[in-house]
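Raw contents of protein_13.cif, mmCIF, C-alpha atoms:
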data_structure
#
loop_
_atom_site.label_atom_id
_atom_site.label_comp_id
_atom_site.auth_asym_id
_atom_site.auth_seq_id
_atom_site.Cartn_x
_atom_site.Cartn_y
_atom_site.Cartn_z
CA MET T 436 63.92 147.18 79.06
CA THR T 437 65.20 146.59 82.56
CA LYS T 438 66.45 143.13 83.60
CA GLU T 439 63.26 142.66 85.61
CA GLU T 440 61.13 143.46 82.56
CA GLN T 441 63.16 141.06 80.44
CA LEU T 442 62.55 138.27 82.95
CA ASN T 443 58.81 139.06 82.90
CA VAL T 444 58.76 138.93 79.09
CA ILE T 445 60.47 135.52 79.16
CA ASN T 446 58.14 134.10 81.84
CA ASN T 447 55.00 135.37 80.09
CA ALA T 448 56.10 133.96 76.71
CA ILE T 449 56.87 130.56 78.25
CA LYS T 450 53.51 130.47 80.07
CA GLN T 451 51.67 130.81 76.76
CA THR T 452 52.75 127.29 75.77
CA LYS T 453 50.12 124.81 76.81
CA THR T 454 49.68 121.25 75.66
CA ASN T 455 46.21 120.93 74.21
CA LEU T 456 44.77 117.66 75.45
CA LYS T 457 41.47 117.75 73.54
CA PRO T 458 42.83 116.13 70.34
CA MET T 459 44.18 113.23 72.41
CA GLY T 460 40.80 112.86 74.11
CA PHE T 461 39.14 112.80 70.70
CA ASN T 462 41.55 110.10 69.47
CA LEU T 463 40.81 107.89 72.49
CA ILE T 464 37.04 108.31 72.10
CA PHE T 465 37.16 107.74 68.33
CA TRP T 466 39.15 104.50 68.60
CA SER T 467 37.07 103.25 71.55
CA VAL T 468 33.82 103.76 69.61
CA VAL T 469 35.26 102.15 66.45
CA ILE T 470 36.62 99.07 68.26
CA ILE T 471 33.55 98.62 70.48
CA ALA T 472 31.18 98.99 67.50
CA MET T 473 33.26 96.54 65.44
CA SER T 474 33.40 94.01 68.31
CA LEU T 475 29.67 94.20 68.95
CA PHE T 476 28.88 93.88 65.25
CA HIS T 477 31.16 90.84 65.03
CA TYR T 478 29.60 89.36 68.19
CA PHE T 479 25.98 89.77 67.05
CA PHE T 480 26.48 89.07 63.33
CA PRO T 481 29.25 86.46 63.11
CA GLU T 482 27.67 84.98 59.96
CA ILE T 483 28.33 88.28 58.12
CA VAL T 484 31.86 88.93 59.43
CA GLN T 485 32.97 85.29 59.09
CA TYR T 486 31.23 84.41 55.84
CA SER T 487 34.56 83.32 54.31
CA TYR T 488 38.02 82.32 55.53
CA TYR T 489 39.55 85.78 55.04
CA SER T 490 36.51 88.02 55.64
CA ALA T 491 37.10 88.45 59.39
CA ALA T 492 40.75 89.36 58.76
CA ILE T 493 39.75 91.87 56.11
CA TYR T 494 37.08 93.28 58.47
CA TRP T 495 39.56 93.73 61.36
CA VAL T 496 42.33 95.19 59.20
CA SER T 497 40.57 97.40 56.66
CA ILE T 498 38.33 99.41 59.03
CA PRO T 499 41.13 100.23 61.54
CA LEU T 500 43.38 101.23 58.61
CA ILE T 501 40.71 103.65 57.39
CA GLY T 502 40.47 104.90 60.99
CA MET T 503 44.25 105.41 61.07
CA VAL T 504 44.11 107.50 57.92
CA TYR T 505 41.26 109.58 59.35
CA THR T 506 42.91 110.17 62.76
CA THR T 507 46.23 111.05 61.08
CA TYR T 508 44.37 113.65 58.99
CA TYR T 509 42.53 114.92 62.09
CA ASN T 510 45.76 115.20 64.09
CA ILE T 511 47.55 117.09 61.31
CA ARG T 512 44.59 119.48 61.01
CA SER T 513 44.37 120.11 64.76
CA GLY T 514 48.16 120.60 64.85
CA ILE T 515 47.91 123.28 62.16
CA LYS T 516 45.03 124.94 64.03
CA ILE T 517 46.98 125.09 67.32
CA GLY T 518 50.04 126.39 65.46
CA TYR T 519 52.78 124.79 67.53
CA GLU T 520 53.98 121.46 68.84
CA THR T 521 55.41 121.13 72.33
CA GLN T 522 57.99 118.54 73.39
CA LEU T 523 55.18 116.74 75.25
CA ASP T 524 53.04 116.66 72.08
CA ARG T 525 55.96 115.18 70.17
CA VAL T 526 56.61 112.46 72.77
CA ILE T 527 52.92 111.46 72.81
CA ARG T 528 52.78 111.48 69.00
CA ILE T 529 55.82 109.19 68.78
CA ILE T 530 54.48 106.78 71.42
CA TRP T 531 51.12 106.39 69.65
CA SER T 532 52.76 106.09 66.22
CA VAL T 533 54.90 103.25 67.59
CA PHE T 534 51.73 101.66 68.99
CA GLY T 535 50.15 101.93 65.51
CA LEU T 536 53.13 100.15 63.96
CA ALA T 537 53.14 97.52 66.73
CA TRP T 538 49.42 96.95 66.12
CA ILE T 539 50.02 96.37 62.38
CA PHE T 540 52.88 93.98 63.23
CA THR T 541 50.81 92.07 65.82
CA VAL T 542 47.81 91.72 63.53
CA GLY T 543 50.10 90.64 60.66
CA ILE T 544 51.77 87.97 62.80
CA SER T 545 48.41 86.75 64.12
CA LEU T 546 47.15 86.34 60.55
CA VAL T 547 50.23 84.36 59.56
CA TYR T 548 50.01 82.03 62.59
CA ASN T 549 46.19 82.03 62.70
CA VAL T 550 45.88 83.19 66.32
CA ASN T 551 43.60 85.79 67.88
CA PRO T 552 45.46 89.10 68.40
CA VAL T 553 42.99 90.62 70.92
CA GLN T 554 44.96 89.87 74.09
CA ASP T 555 48.29 91.00 72.62
CA VAL T 556 46.75 94.23 71.28
CA LEU T 557 45.04 94.94 74.62
CA PHE T 558 48.31 94.29 76.44
CA LEU T 559 50.14 96.75 74.16
CA LEU T 560 47.33 99.26 74.49
CA SER T 561 47.36 99.09 78.29
CA ILE T 562 51.12 99.74 78.37
CA VAL T 563 50.76 102.74 76.02
CA LEU T 564 47.85 104.11 78.08
CA ILE T 565 49.85 103.82 81.30
CA MET T 566 52.82 105.59 79.67
CA THR T 567 50.59 108.35 78.30
CA GLY T 568 48.80 108.87 81.61
CA LEU T 569 52.08 109.06 83.53
CA ILE T 570 53.66 111.45 81.00
CA ILE T 571 50.77 113.92 80.88
CA LYS T 572 50.01 113.37 84.60
CA PHE T 573 46.38 112.54 83.94
CA HIS T 574 45.39 109.93 86.50
CA ASN T 575 42.22 108.70 84.77
CA ILE T 576 44.25 107.46 81.80
CA THR T 577 46.87 105.82 84.04
CA ILE T 578 44.13 104.09 86.07
CA GLY T 579 42.35 103.04 82.85
CA GLY T 580 45.63 101.58 81.54
CA VAL T 581 46.33 99.71 84.80
CA GLY T 582 42.75 98.40 84.83
CA LEU T 583 43.09 97.23 81.24
CA LEU T 584 46.43 95.55 82.02
CA ILE T 585 44.93 93.64 84.97
CA PHE T 586 41.92 92.68 82.84
CA THR T 587 44.18 91.47 80.00
CA VAL T 588 46.28 89.36 82.38
CA TYR T 589 43.00 87.91 83.77
CA THR T 590 41.95 86.87 80.25
CA TYR T 591 45.21 84.93 79.80
CA TYR T 592 44.24 82.76 82.77
CA ASN T 593 40.65 82.37 81.53
CA PRO T 594 40.94 81.27 77.91
CA GLY T 595 37.24 80.40 77.72
CA LEU T 596 36.18 84.08 77.70
CA ASN T 597 34.67 85.50 74.52
CA LEU T 598 37.42 87.80 73.22
CA LEU T 599 34.96 90.10 71.45
CA LEU T 600 33.24 90.85 74.76
CA VAL T 601 36.67 91.12 76.39
CA ASN T 602 37.45 93.79 73.80
CA VAL T 603 34.23 95.70 74.57
CA ILE T 604 34.70 95.66 78.36
CA GLY T 605 38.44 96.35 78.26
CA ILE T 606 38.19 99.22 75.79
CA THR T 607 35.19 100.80 77.56
CA PHE T 608 36.94 100.99 80.93
CA GLY T 609 40.51 101.37 79.73
CA MET T 610 40.04 103.85 76.90
CA LEU T 611 36.52 105.23 76.42
CA ILE T 612 35.89 106.50 79.95
CA PRO T 613 39.43 108.01 80.34
CA GLY T 614 39.06 109.52 76.84
CA LEU T 615 35.75 111.15 77.76
CA SER T 616 37.22 112.55 80.97
CA LEU T 617 40.09 114.02 78.93
CA TYR T 618 37.78 115.48 76.26
CA TYR T 619 35.26 116.87 78.77
CA PRO T 620 37.48 117.68 81.75
CA LYS T 621 36.21 119.10 85.01
CA ALA T 622 37.48 122.64 85.47
CA ASP T 623 39.44 121.76 88.60
CA VAL T 624 41.20 118.89 86.79
CA MET T 625 42.40 121.24 84.03
CA LEU T 626 43.46 123.85 86.57
CA HIS T 627 45.46 121.18 88.36
CA TYR T 628 46.98 120.04 85.06
CA PHE T 629 47.99 123.51 83.92
CA HIS T 630 49.29 124.28 87.40
CA VAL T 631 51.59 121.25 87.11
CA VAL T 632 52.71 122.34 83.63
CA GLU T 633 53.44 125.87 84.77
CA GLU T 634 55.44 124.59 87.74
CA GLU T 635 57.55 122.47 85.36
CA GLU T 636 58.05 125.39 83.01
CA GLU T 637 59.27 127.59 85.83
CA LEU T 638 61.80 124.92 86.77
CA MET K 984 78.08 136.36 77.08
CA ASN K 985 78.23 137.47 73.48
CA LYS K 986 77.40 141.19 73.36
CA GLU K 987 75.79 140.83 69.95
CA ILE K 988 73.37 138.21 71.21
CA GLU K 989 72.62 140.32 74.26
CA LYS K 990 71.86 143.26 71.99
CA LEU K 991 69.73 141.07 69.76
CA LEU K 992 67.62 139.80 72.65
CA PHE K 993 67.17 143.29 74.06
CA ASN K 994 64.31 143.73 71.59
CA PRO K 995 61.08 142.52 73.29
CA ILE K 996 59.67 140.86 70.14
CA ARG K 997 62.86 138.90 69.55
CA LEU K 998 63.04 137.99 73.24
CA LYS K 999 59.39 136.82 73.26
CA THR K 1000 60.03 134.79 70.10
CA ILE K 1001 63.09 133.03 71.48
CA SER K 1002 61.42 132.45 74.87
CA PHE K 1003 58.42 130.84 73.18
CA LEU K 1004 60.49 128.78 70.75
CA ILE K 1005 62.55 127.32 73.59
CA THR K 1006 59.39 125.59 74.90
CA VAL K 1007 58.12 124.18 71.59
CA GLU K 1008 59.47 121.89 68.90
CA THR K 1009 58.13 123.93 65.99
CA CYS K 1010 55.55 126.65 65.50
CA THR K 1011 53.83 128.61 62.76
CA PHE K 1012 54.04 132.30 61.96
CA LYS K 1013 50.48 132.79 63.22
CA ALA K 1014 51.34 131.30 66.63
CA LEU K 1015 54.31 133.67 66.89
CA LEU K 1016 52.07 136.60 65.96
CA ASP K 1017 49.76 135.70 68.86
CA VAL K 1018 52.62 135.29 71.30
CA THR K 1019 54.55 138.43 70.37
CA ASP K 1020 51.46 140.58 69.83
CA SER K 1021 53.18 142.40 66.96
CA SER K 1022 52.41 143.27 63.34
CA LYS K 1023 53.21 140.84 60.51
CA GLY K 1024 55.83 143.15 58.98
CA ASN K 1025 57.63 143.82 62.22
CA LEU K 1026 57.65 140.17 63.21
CA SER K 1027 59.01 139.14 59.80
CA ILE K 1028 61.93 141.58 60.19
CA GLN K 1029 62.73 140.36 63.72
CA LEU K 1030 62.54 136.72 62.64
CA LYS K 1031 64.90 137.42 59.76
CA LYS K 1032 67.40 138.96 62.18
CA LEU K 1033 67.18 135.98 64.53
CA ASN K 1034 67.63 133.64 61.58
CA GLU K 1035 70.66 135.56 60.31
CA ALA K 1036 72.23 135.35 63.77
CA GLY K 1037 71.71 131.56 63.64
CA LEU K 1038 69.38 131.51 66.66
CA ILE K 1039 66.34 130.16 64.86
CA LYS K 1040 65.69 127.89 61.90
CA ILE K 1041 63.10 128.72 59.25
CA GLU K 1042 61.73 125.86 57.17
CA LYS K 1043 59.53 126.58 54.18
CA TYR K 1044 57.56 123.84 52.47
CA PHE K 1045 54.29 123.19 50.68
CA GLN K 1046 51.38 121.57 52.45
CA LYS K 1047 48.48 120.72 50.14
CA SER K 1048 49.79 123.29 47.61
CA TYR K 1049 49.88 126.03 50.27
CA PRO K 1050 53.23 127.52 51.27
CA THR K 1051 53.86 126.87 54.98
CA THR K 1052 56.66 128.06 57.23
CA ASP K 1053 57.79 126.40 60.44
CA TYR K 1054 60.02 128.10 62.99
CA SER K 1055 62.21 126.34 65.53
CA ILE K 1056 65.13 127.23 67.79
CA THR K 1057 68.64 126.09 66.86
CA LYS K 1058 71.26 124.60 69.19
CA LYS K 1059 73.06 127.94 69.13
CA GLY K 1060 69.76 129.65 69.97
CA LYS K 1061 69.16 127.36 72.95
CA LYS K 1062 72.68 127.87 74.27
CA SER K 1063 72.52 131.63 73.81
CA PHE K 1064 69.11 131.85 75.48
CA GLU K 1065 70.29 129.79 78.46
CA GLU K 1066 73.35 131.98 78.91
CA PHE K 1067 71.22 135.12 78.57
CA TYR K 1068 68.64 133.82 81.06
CA ASN K 1069 71.27 132.76 83.60
CA GLN K 1070 72.90 136.16 83.31
CA LEU K 1071 69.56 137.86 83.95
CA LEU K 1072 69.06 135.74 87.07
CA THR K 1073 72.38 136.90 88.50
CA TYR K 1074 71.08 140.49 88.46
CA LYS K 1075 68.08 139.52 90.59
#
Would you write the structure of this file as C-alpha cells?
Amino acid sequence: MTKEEQLNVINNAIKQTKTNLKPMGFNLIFWSVVIIAMSLFHYFFPEIVQYSYYSAAIYWVSIPLIGMVYTTYYNIRSGIKIGYETQLDRVIRIIWSVFGLAWIFTVGISLVYNVNPVQDVLFLLSIVLIMTGLIIKFHNITIGGVGLLIFTVYTYYNPGLNLLLVNVIGITFGMLIPGLSLYYPKADVMLHYFHVVEEEEEL
Amino acid sequence: MNKEIEKLLFNPIRLKTISFLITVETCTFKALLDVTDSSKGNLSIQLKKLNEAGLIKIEKYFQKSYPTTDYSITKKGKKSFEEFYNQLLTYK
C-alpha cells in the first residue's frame, strides 16, 4: 500500500462510524406517550388513581420503573444490533442515566416531603433535552428543551395551573414532537447531520 | 515511529480495524467484519496480532448465556495510531 492508499483506508474506515439516532428518537416517543397517557388517565379518573393515600405515589413510581426496565432492555438490544458504541452514544447514555437517577431521587424526596414533583422533573428534563440537542446538533430537541424550560418557569409563577395538564402540554411540545422528528427525520436533516459528523471526524 | 507498529499497520485489515476502533468506544466482531470486509478467520488472526502488540483490548464475557466479545483500542493503540497518521500526513 502506498501512503495515499493508507490515508484512504483510514478515512473510509472512520467514515463508517455513524451515530444512530433512531433509538434515541424511540426513547423520547416512548416516554412522551407513557407520561402523557398517565397524566391524562390521572386527570380524567382521579378517583381511581387517588383511591388511597399511597395509590397515586405507587401509580407514578411503578409504571415509570417498568418503563425504565423496558427502555434499558430496548437500548441494550439496539446496541447489540448496531454492533458498536461511539463516544457520542456513550455521552448521551450517561446523561440520560443520570437523569433517570435524578428522577428517582426527586420523586423520592417529593414523597417524603409530600410535594408535587412535576415542576422539578420538567425542569430537569428540559435541561437534559437542551444538553442532548446541543451535543447531537439536532435543533428540534434543543428548541423543545428551551420551550419546556420556559414553560416550566412559567408554571412556577402560576401555581394555580393543573400540573397534570402542565405535564401533557410540556411533554408534548418538549419531548414528543422533537422525538418524532428524530425518529422520522426529513432526508435533508439527516444529510445535514451526517455532514456535520463527517466534518468533525475529518478534523 | 516504532518500525514494528508501522509494519503491523501496513496490513489493510489491521489498519481498517485500528482506524475504526479509534472512533468508537467498543464494538463487536460482526461490526469489524462489516468494516474490514474480510473473512472471519483472517480477521481473527489480525485481531490476535493487534492484541498481542497491545494496540487493542479484547474482552470476552457472557450475555444471556451467549459468549460475547467486545473490542476496543488501548492507550498504546491510540498513541501509535496518532503517530502513524501524523507521519502519513507528512508524506502528503
Translate the PyMOL selection byres ((chain K) within 8 of (chain T)), as applied to the file shown, into an explicit residue set as a list in words.
Phe993, Pro995, Leu998, Lys999, Thr1000, Ser1002, Phe1003, Thr1006, Val1007, Glu1008, Thr1009, Cys1010, Thr1011, Phe1012, Lys1013, Ala1014, Val1018, Thr1019, Tyr1068, Leu1071, Tyr1074 and Lys1075 of chain K
If you count all atoms listed in the file, which residues fall within 7 Å of Leu557 of chain T, apart from same-chain ones fewer than 4 positions away, as a VMD selection string?
chain T and resid 553 561 587
Between T:Ile530, T:Leu583, T:Ile511, T:Ile544, which is the closest to Lys1047 of chain K once you count all atoms listed in the file?
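Closest to Lys1047 of chain K of all the choices is T:Ile511.
Among the candidates T:Ile576, T:Ile498, T:Met459, T:Leu560, the residue lying nearest to Asn602 of chain T is T:Leu560 (atoms considered: only C-alpha atoms).
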When you count only C-alpha atoms, which of these residues is closest to Tyr489 of chain T: T:Ile606, T:Leu546, T:Ile539, T:Ser467?
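Checking each of T:Ile606, T:Leu546, T:Ile539, T:Ser467 against Tyr489 of chain T, counting only C-alpha atoms, the winner is T:Leu546.
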Give me the residues near Tyr1044 of chain K as a list in words, where near means some atom within 12 Å (using only C-alpha atoms) and where sequence neighbours in that chain fewer than 6 positions away do not count.
Thr1011, Pro1050, Thr1051, Thr1052, Asp1053 and Tyr1054 of chain K
At what distance in Å, to one decimal, does atom CA of Ile562 of chain T lie from atom CA of Ala537 of chain T?
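Going from atom CA of Ala537 of chain T over to atom CA of Ile562 of chain T, I get 12.0 Å.
Excluding Phe1064 of chain K itself and same-chain residues fewer than 6 positions from it, the residues having an atom within 9 Å of it are Ile988, Leu992, Leu998, Ile1001, Ser1002, Ile1005 and Leu1038 of chain K, counting only C-alpha atoms.
Near Ile1028 of chain K, within 12 Å and counting all atoms listed in the file, sit Asn994, Ile996, Arg997, Ser1021, Ser1022, Asn1034 and Glu1035 of chain K; same-chain residues fewer than 6 positions away were not included.
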For Leu617 of chain T, please output as a PyMOL selection string all residues within 9 Å (counting all atoms listed in the file; exclusion window: fewer than 4 positions along the same chain).
chain T and resi 456-457+459-461+463+573+575-576+612-613+621
Write out, as a PDB file, in the coordinates of the input, the residues just selected, with C-alpha atoms.
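Wrote part03.pdb, looks like this:
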ATOM      1  CA  LEU T 456      44.770 117.660  75.450  1.00  0.00           C
ATOM      2  CA  LYS T 457      41.470 117.750  73.540  1.00  0.00           C
ATOM      3  CA  MET T 459      44.180 113.230  72.410  1.00  0.00           C
ATOM      4  CA  GLY T 460      40.800 112.860  74.110  1.00  0.00           C
ATOM      5  CA  PHE T 461      39.140 112.800  70.700  1.00  0.00           C
ATOM      6  CA  LEU T 463      40.810 107.890  72.490  1.00  0.00           C
ATOM      7  CA  PHE T 573      46.380 112.540  83.940  1.00  0.00           C
ATOM      8  CA  ASN T 575      42.220 108.700  84.770  1.00  0.00           C
ATOM      9  CA  ILE T 576      44.250 107.460  81.800  1.00  0.00           C
ATOM     10  CA  ILE T 612      35.890 106.500  79.950  1.00  0.00           C
ATOM     11  CA  PRO T 613      39.430 108.010  80.340  1.00  0.00           C
ATOM     12  CA  LYS T 621      36.210 119.100  85.010  1.00  0.00           C
TER      13      LYS T 621
END
If you measure from atom CA of Glu1065 of chain K to atom CA of Leu1026 of chain K, what distance in Å do you get, rounded to one decimal?
22.4 Å
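Picture a line from atom CA of Gln1046 of chain K to atom CA of Met503 of chain T; it runs 19.7 Å.
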Using all atoms listed in the file, what residues lie at most 12 Å away from (42.2, 103.1, 59.9) (file coordinates), given as a PyMOL selection string?
chain T and resi 462+465-466+469-470+494-508+535+538-539
File of the preceding selection, C-alpha atoms, as a PDB file, keeping the file's coordinate frame:
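Result saved to again.pdb:
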ATOM      1  CA  ASN T 462      41.550 110.100  69.470  1.00  0.00           C
ATOM      2  CA  PHE T 465      37.160 107.740  68.330  1.00  0.00           C
ATOM      3  CA  TRP T 466      39.150 104.500  68.600  1.00  0.00           C
ATOM      4  CA  VAL T 469      35.260 102.150  66.450  1.00  0.00           C
ATOM      5  CA  ILE T 470      36.620  99.070  68.260  1.00  0.00           C
ATOM      6  CA  TYR T 494      37.080  93.280  58.470  1.00  0.00           C
ATOM      7  CA  TRP T 495      39.560  93.730  61.360  1.00  0.00           C
ATOM      8  CA  VAL T 496      42.330  95.190  59.200  1.00  0.00           C
ATOM      9  CA  SER T 497      40.570  97.400  56.660  1.00  0.00           C
ATOM     10  CA  ILE T 498      38.330  99.410  59.030  1.00  0.00           C
ATOM     11  CA  PRO T 499      41.130 100.230  61.540  1.00  0.00           C
ATOM     12  CA  LEU T 500      43.380 101.230  58.610  1.00  0.00           C
ATOM     13  CA  ILE T 501      40.710 103.650  57.390  1.00  0.00           C
ATOM     14  CA  GLY T 502      40.470 104.900  60.990  1.00  0.00           C
ATOM     15  CA  MET T 503      44.250 105.410  61.070  1.00  0.00           C
ATOM     16  CA  VAL T 504      44.110 107.500  57.920  1.00  0.00           C
ATOM     17  CA  TYR T 505      41.260 109.580  59.350  1.00  0.00           C
ATOM     18  CA  THR T 506      42.910 110.170  62.760  1.00  0.00           C
ATOM     19  CA  THR T 507      46.230 111.050  61.080  1.00  0.00           C
ATOM     20  CA  TYR T 508      44.370 113.650  58.990  1.00  0.00           C
ATOM     21  CA  GLY T 535      50.150 101.930  65.510  1.00  0.00           C
ATOM     22  CA  TRP T 538      49.420  96.950  66.120  1.00  0.00           C
ATOM     23  CA  ILE T 539      50.020  96.370  62.380  1.00  0.00           C
TER      24      ILE T 539
END
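For the structure in this document, the set picked by the PyMOL selection byres ((chain T and resi 603) around 9) is Ser467, Ile470, Ile471, Ala472, Ser474, Leu475, Leu598, Leu599, Leu600, Val601, Asn602, Ile604, Gly605, Ile606, Thr607 and Phe608 of chain T.
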